[in-house]
Amino acid sequence: MNQSKWFLHPIFILIISTIALGLSLFLYIYWYIEVSSGLDEVIRRFQIDRDLVLASETWVVILVLSVLVGLILIGFFMIFVYNQKTLQLYRLQHNFINNFTHELKTPVTSLRLYLETFVKYDLDRQDQIKYLNYMISDAGRLADTVNRILNLARIESKSYQRELEAKDIVSVVERFFRRNRHLFTNLTISVAGTATHTYTCLVDPSLFEMLLMNLATNAGKYNSAPDPRLEISFLPASRYLKVRFKDNGNGFEKKERKRIFKKFYQVGRSEDMSAKGSGIGLFLVQSIAKIHDGKVTAFSEGPGRGATFTLTLPHHNQN
């Protein structure tokens with residue numbers, strides 16, 4: 001903030017307003033006590049009826065006034081908190097817009113460059129295939145970014161009509177990663193328990209695959225390990241099934257455990273305009289889990305020590 005405008009800071013204004021209001025109440029009470037003391041002396045000297053000078057309801061008025069001042073202070077505090085949250089949301093949205101614009105602009109610029117290369121140069125077949133693969137990758141990134149925004153809008157508007165089906169979660173997870181192996185070439189994914197167990201839950205297939213996509217994408221994107229890995233395991237209970245996604249990525253601090261599921265929030269980078277990603281992946285994951293009457297929790301032993309995301313879903317039967 002500009003040092004010449006420090007007096008316009010919301011915290012400074014709140015403190016000054018609170019002090020001024022409290023001081024006004026104090027001065028009023030102090031003035032009343034002083035006046036009352038003087039009037040008591042006059043009453044005793046001239047033997048005047050006390051009720052004619054000092055109404056017994058005066059202290060009730062002071063009490064009511066104190067309560068009203070207290071309510072005003074509470075109102076000040078609530079307005080201040082709301083203002084701070086609004087300001088934080090604005091910063092997060094500004095960060096999101098910058099990152100989202102970057103995620104759109106980067107593949108578009110890359111695609112244009114490759115197309116110009118095709119126009120200007122006579123490439124042999126091997127080079128053509130190489131550049132075409134680059135273009136397919138960029139087109140996939142672009143489509144993924146657009147789809148995430150569209151899905152976010154549909155889920156937040158409550159217009160997404162879920163269609164729940166009884167599915168074996170182990171098979172769904174294994175089939176999804178087998179079918180999309182080409183999207184996670186930089187990530188070693190292992191799914192435990194695929195041969196001996198089946199766990200049936202009611203899921204919306206398209207939404208559940210969106211959840212898996214976001215968790216796996218995060219495990220690969222925020223992972224600087226030499227050999228990025230994602231281990232998926234299943235922990236059944238009497239009424240619920242826990243699906244655990246454990247990676248060896250960048251991890252996060254304990255204080256970030258709940259924040260990372262907020263819309264537009266990015267671990268340690270909520271105000272960093274150079275942060276990669278849009279900050280909506282884990283928000284979508286948690287929203288999808290709630291649609292399935294479940295939840296997602298996060299755990300990490302600290303930065304650089306990986307992260308574990310646990311999806312809890314209602315469990316209907318076990319074989």
# chains A, B, ... in the order shown; residues from 1 in each chain; ligands from 1
>>> residues_around(residues="Ser17 in chain A", least_positions_apart="6", cutoff="10 Å", atoms="only C-alpha atoms", output="ChimeraX atom specification")
/A:11,23,73,76
>>> select_by_dssp(residues="range 70-250 of chain A", states="alpha helix (DSSP H)", output="ChimeraX atom specification")
/A:70-120,125-156,169-179,205-221
>>> atom_distance(atom1="CA of Arg257 in chain A", atom2="CA of Ile149 in chain A")
23.5 Å
